[in-house]
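Read the structure below first, then the notes.
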Amino acid sequence: MNQSKRPALKLLLALLAFVMVAAACGDSDTEGSGEDGALRIAIVAPSASDDLAFTQSMVDAVNALDRPFELEITDGTFVVEDAAAAIRGYAEDGVDIVIAHGTQYGGSLAEIAPDFPETTFVWGTSTDTQGLDNVFAYNPAADEGGYVNGVLAAGISESGVIGVVGPIEAGDAVTYIGGFEAGALASGASSVNITYTGSFGDVTLASEAAQAHLTNGVDVMTGTAQMVVGAVSVATANDIPWLATQADQTSLSPGLVVASQVYRWEVVLEEMLDLRADGTVGGQVFELTLENGGLVIEFNDGFDLPSEVRDAADAAIEGIKDGSIDTGF
Amino acid sequence: MGDFFTASVLVATIASGVRLATPYLLAGLGETIGQKSGVLNLGVDGVMQLSAFFAYYTVLKTGNLWYGSLAAIGVGLVMGLIYAVITIEFEATQGISGIGIFILGLGLSDLLFRELVGTPKPIRRLPSVDIPLLSDIPKVGEALFQHNLLTYTAFVFVPLSVLLLSRTTFGLNVRAVGENPHAADSLGVSVERTRYAAILIGNAMAGLAGAALVLGLGIFQPNLTQGLGFIAVALVYFGSWRPAGVMAGALLYGMVNATVLQWKALNIIPVSGSVLANMAPAVITIVALAFLARRGSAPAALSQPFSRH
């Protein structure tokens, strides 16, 4: 009996040891610290998570990731100090990836990131990591989609005068508007009138800026940042076609949004997460482009776009991808 | 610069200035009445924020712009009642209580928007109403008499506020409790009741300001007011607690803003000068009002809780 029991006991112990080793190995293979090894990801962003613009584009991107994750969001942090507190709080709480979605958070990140070397901080829009080994930076080549939108605007404009409503002259607003202006002027527009309202959030000023453009003969408009909903509202009331960026804004004006440059941050986020899984927690810069699929032009089927204008836009996309078109950035 | 001095651009700029002035005017007039009774309300922006949300949500659900306006007034009254209880019954410090009301309105409107709406959805905008005969006056009619009803309402409230404050018993009581509540009390004026009424009127007008803002835009977004209510409070000071002064300040602020936007659209202000130009409305309004406004003194009992003991 005893002899017959011993091999069974040994087998049981061996099985137990195998299971423990396997479990341990399994732990080391999982990516995150969440339940069942899911990545814990947090987003800290300046505007509402459903703003149909900058912040929503990142929330949508994380939700599109092809791996298990747990997402926490602190949005509406217009005040940088509030954002800094949230970023530090998430890091202290053991979150694996903290996305600081705003150029203005760079200073805070430079102070916080060195205190949490195991945490990956993802920061943008920025073209450098500030020399921090645990920071990945991201930046959209917004000029590329801006150029395509400019080609579209010039193609459908009868007056040749196109209006732009921008926020503050900074970040991707500058590159988008610059690319848009280049594309429109290269495609026959006579004038691109640009208004920076001085605010990312003032919907009223954006609305009145759009009204001012209408007074000056503008018959196609575009704009960037979360306050453009006010300008889109004016465009809709006056039957003016609208070119969108950052997120698909078709729902704001289903018959008048011509196309939207959509940021697909998930393209570069996946790369960052792969690197992290391989042991690289930061130190690299990523760019969204038409070529890598991080930027996508989504055309609105509800807008009756002339085929020759669509062809010109498609040609511009291909030209930017193959390098034959220079957007000026 | 020559492009700016064309009739069509000048008319559009004045019309834009009037539109921009409307919410400041409504909120500023309401705050004037409140301050005349001795009550400082720094929560105006929060009241506007929450009222704007309810106006927006009501129109989103019913499609009726007037239900939206009434909802905004209702929210203003409720917020006013809360503020009145805090400052009159509990004799809390008005400045801090007002900030509390502001944070409540800002936070609650944000929360409700996320829970009930989510992504911004457009609603109907208040239509323009042409005033018979006046709107037909060349240029002037287009600039001044082709606005929505809430804009006209704001400007009609200016003489009404003057009449209310200077020609009615209630107005006399409001001024009395704002200057010397103990004297007014000794003469049989109910300080509490008068202040309750002044706060409710002021907050109802702040609510209407929120409605004017959101129904003029046709869209809502968290933090829609962007501190507009605080500027309205400042305009009361610069306007020397007179409705006409508040109107002048609101119009000046609106007109400078509209001019800057028009100059940007015309490329008169280059993109490189945008940052400086963005400061112009605040700077010019402050300087102009500091020099031009008739020197008036604040109600003597402003911000002072009243207690018989």
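Convention: chains lettered A, B, ... in structure tokens order; per-chain residue numbering from 1; ligands numbered from 1 as shown.
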
Taking a cut-off of 10 Å and counting only C-alpha atoms, can you build a table that, for each residue of chain B near chain A, reports the nearest atom pair and how far apart they are in Å (one decimal), sorted by chain then residue number, as a tab-separated table?
residue	atom	partner	partner_atom	distance
B:Asp3	CA	A:Asn216	CA	9.1
B:Phe4	CA	A:Asn216	CA	9.8
B:Ser8	CA	A:Thr215	CA	7.3
B:Val9	CA	A:Thr215	CA	6.4
B:Leu10	CA	A:Thr215	CA	9.7
B:Val11	CA	A:Thr215	CA	9.5
B:Ala12	CA	A:Thr215	CA	6.7
B:Thr13	CA	A:Ala212	CA	7.5
B:Ser16	CA	A:Glu208	CA	6.7
B:Gly17	CA	A:Glu208	CA	9.1
B:Arg19	CA	A:Glu208	CA	8.8
B:Leu20	CA	A:Thr204	CA	7.8
B:Asp110	CA	A:Ala48	CA	8.7
B:Arg114	CA	A:Asp50	CA	8.0
B:Val117	CA	A:Asp50	CA	9.7
B:Gly118	CA	A:Asp50	CA	6.1
B:Thr119	CA	A:Asp50	CA	4.9
B:Pro120	CA	A:Asp51	CA	6.8
B:Lys121	CA	A:Leu252	CA	6.2
B:Pro122	CA	A:Leu252	CA	6.1
B:Ile123	CA	A:Ser233	CA	9.0
B:Arg124	CA	A:Ala237	CA	9.3
B:Arg125	CA	A:Ala237	CA	8.5
B:Leu213	CA	A:Thr204	CA	7.8
B:Val214	CA	A:Thr204	CA	8.9
B:Gly216	CA	A:Thr204	CA	9.0
B:Leu217	CA	A:Gly230	CA	6.2
B:Gly218	CA	A:Ser233	CA	6.4
B:Ile219	CA	A:Gly230	CA	6.8
B:Phe220	CA	A:Val229	CA	8.5
B:Gln221	CA	A:Asp51	CA	7.7
B:Pro222	CA	A:Ala48	CA	7.1
B:Asn223	CA	A:Gly201	CA	7.7
B:Leu224	CA	A:Val203	CA	6.7
B:Thr225	CA	A:Asp202	CA	7.5
B:Gln226	CA	A:Asp202	CA	6.1
B:Gly227	CA	A:Asp202	CA	9.6
B:Leu228	CA	A:Asp202	CA	9.9
B:Asn257	CA	A:Leu205	CA	8.3
B:Ala258	CA	A:Glu208	CA	7.3
B:Thr259	CA	A:Ala212	CA	9.3
B:Val260	CA	A:Thr197	CA	9.3
B:Leu261	CA	A:Ala209	CA	5.6
B:Gln262	CA	A:Ala212	CA	5.4
B:Trp263	CA	A:Ala212	CA	8.8
B:Lys264	CA	A:Thr195	CA	5.4
B:Ala265	CA	A:Asn193	CA	5.6
B:Leu266	CA	A:Asn193	CA	6.8
B:Asn267	CA	A:Asn193	CA	6.6
B:Ile269	CA	A:Thr195	CA	9.2
B:Pro270	CA	A:Ile194	CA	8.8
B:Val271	CA	A:Tyr196	CA	7.2
B:Ser272	CA	A:Glu169	CA	8.5
B:Gly273	CA	A:Tyr196	CA	9.8
B:Ser274	CA	A:Tyr196	CA	6.4
B:Val275	CA	A:Gly198	CA	6.6
B:Leu276	CA	A:Gly198	CA	9.4
B:Ala277	CA	A:Gly198	CA	8.8
B:Asn278	CA	A:Gly198	CA	5.8
B:Met279	CA	A:Gly198	CA	8.8

Filtered DSSP result for stretch 68-183 of chain B, state alpha helix (DSSP H), as a PyMOL selection string: chain B and resi 68-84+94-116+140-144+149-167+169-179+181-183

C-alpha atoms of the current selection, written as a compact mmCIF listing (two decimals), in the first residue's frame:
# COMPACT_ATOMS: atom_id res chain seq x y z
CA GLY B 68 -35.62 75.09 -23.22
CA SER B 69 -35.64 78.73 -22.16
CA LEU B 70 -38.14 78.02 -19.39
CA ALA B 71 -36.06 75.09 -18.18
CA ALA B 72 -33.04 77.38 -17.96
CA ILE B 73 -34.98 79.94 -15.94
CA GLY B 74 -36.23 77.15 -13.68
CA VAL B 75 -32.69 75.93 -13.07
CA GLY B 76 -31.63 79.50 -12.33
CA LEU B 77 -34.40 79.79 -9.75
CA VAL B 78 -33.47 76.51 -8.08
CA MET B 79 -29.79 77.46 -7.95
CA GLY B 80 -30.80 80.87 -6.66
CA LEU B 81 -32.89 79.30 -3.93
CA ILE B 82 -29.96 77.14 -2.85
CA TYR B 83 -27.68 80.16 -2.79
CA ALA B 84 -30.24 82.23 -0.89
CA GLN B 94 -20.97 85.06 0.12
CA GLY B 95 -17.72 84.88 -1.83
CA ILE B 96 -16.94 81.29 -0.87
CA SER B 97 -20.58 80.22 -1.24
CA GLY B 98 -20.64 81.66 -4.74
CA ILE B 99 -17.55 79.73 -5.70
CA GLY B 100 -19.29 76.63 -4.36
CA ILE B 101 -22.31 77.32 -6.57
CA PHE B 102 -19.98 77.81 -9.53
CA ILE B 103 -18.26 74.47 -8.95
CA LEU B 104 -21.61 72.74 -8.42
CA GLY B 105 -22.98 74.10 -11.68
CA LEU B 106 -19.84 73.34 -13.65
CA GLY B 107 -19.48 69.81 -12.28
CA LEU B 108 -23.15 68.89 -12.43
CA SER B 109 -23.57 70.11 -16.01
CA ASP B 110 -20.50 68.14 -17.03
CA LEU B 111 -21.73 65.01 -15.27
CA LEU B 112 -25.27 65.26 -16.64
CA PHE B 113 -23.98 65.89 -20.14
CA ARG B 114 -21.83 62.77 -20.01
CA GLU B 115 -24.56 60.61 -18.54
CA LEU B 116 -27.51 61.87 -20.55
CA VAL B 140 -28.94 99.64 -39.21
CA GLY B 141 -31.82 97.20 -39.41
CA GLU B 142 -29.52 94.36 -40.38
CA ALA B 143 -27.06 95.14 -37.59
CA LEU B 144 -29.51 95.75 -34.75
CA LEU B 149 -35.81 87.01 -29.24
CA LEU B 150 -33.49 86.43 -26.29
CA THR B 151 -31.15 89.12 -27.61
CA TYR B 152 -34.02 91.61 -27.77
CA THR B 153 -35.12 90.45 -24.33
CA ALA B 154 -31.68 91.23 -22.90
CA PHE B 155 -31.76 94.79 -24.16
CA VAL B 156 -35.38 95.33 -23.10
CA PHE B 157 -34.32 94.27 -19.61
CA VAL B 158 -32.01 97.29 -19.37
CA PRO B 159 -34.77 99.94 -19.02
CA LEU B 160 -36.90 97.44 -17.11
CA SER B 161 -34.08 96.99 -14.59
CA VAL B 162 -33.73 100.75 -14.25
CA LEU B 163 -37.46 101.06 -13.63
CA LEU B 164 -37.46 98.16 -11.21
CA LEU B 165 -34.61 99.57 -9.15
CA SER B 166 -35.52 103.24 -9.21
CA ARG B 167 -39.28 103.47 -9.64
CA THR B 169 -41.20 99.98 -3.93
CA PHE B 170 -39.42 96.69 -4.39
CA GLY B 171 -36.47 98.48 -6.02
CA LEU B 172 -36.36 100.98 -3.18
CA ASN B 173 -36.30 98.11 -0.70
CA VAL B 174 -33.55 96.37 -2.66
CA ARG B 175 -31.37 99.46 -2.55
CA ALA B 176 -32.17 100.05 1.10
CA VAL B 177 -31.16 96.58 2.25
CA GLY B 178 -28.05 96.82 0.08
CA GLU B 179 -26.97 100.08 1.67
CA PRO B 181 -29.97 96.54 6.07
CA HIS B 182 -30.38 97.40 9.75
CA ALA B 183 -31.97 100.73 8.95

Pairwise distance for atom CA of B:Leu29 and atom CA of B:Pro243, rounded to one decimal in Å: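 Taking atom CA of B:Leu29 and atom CA of B:Pro243, their separation equals 6.0 Å.
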
Those in stretch 64-148 of chain A with strand (DSSP E) from DSSP, as a VMD selection string: chain A and resid 69 to 74 97 to 101 120 to 124 135 to 140
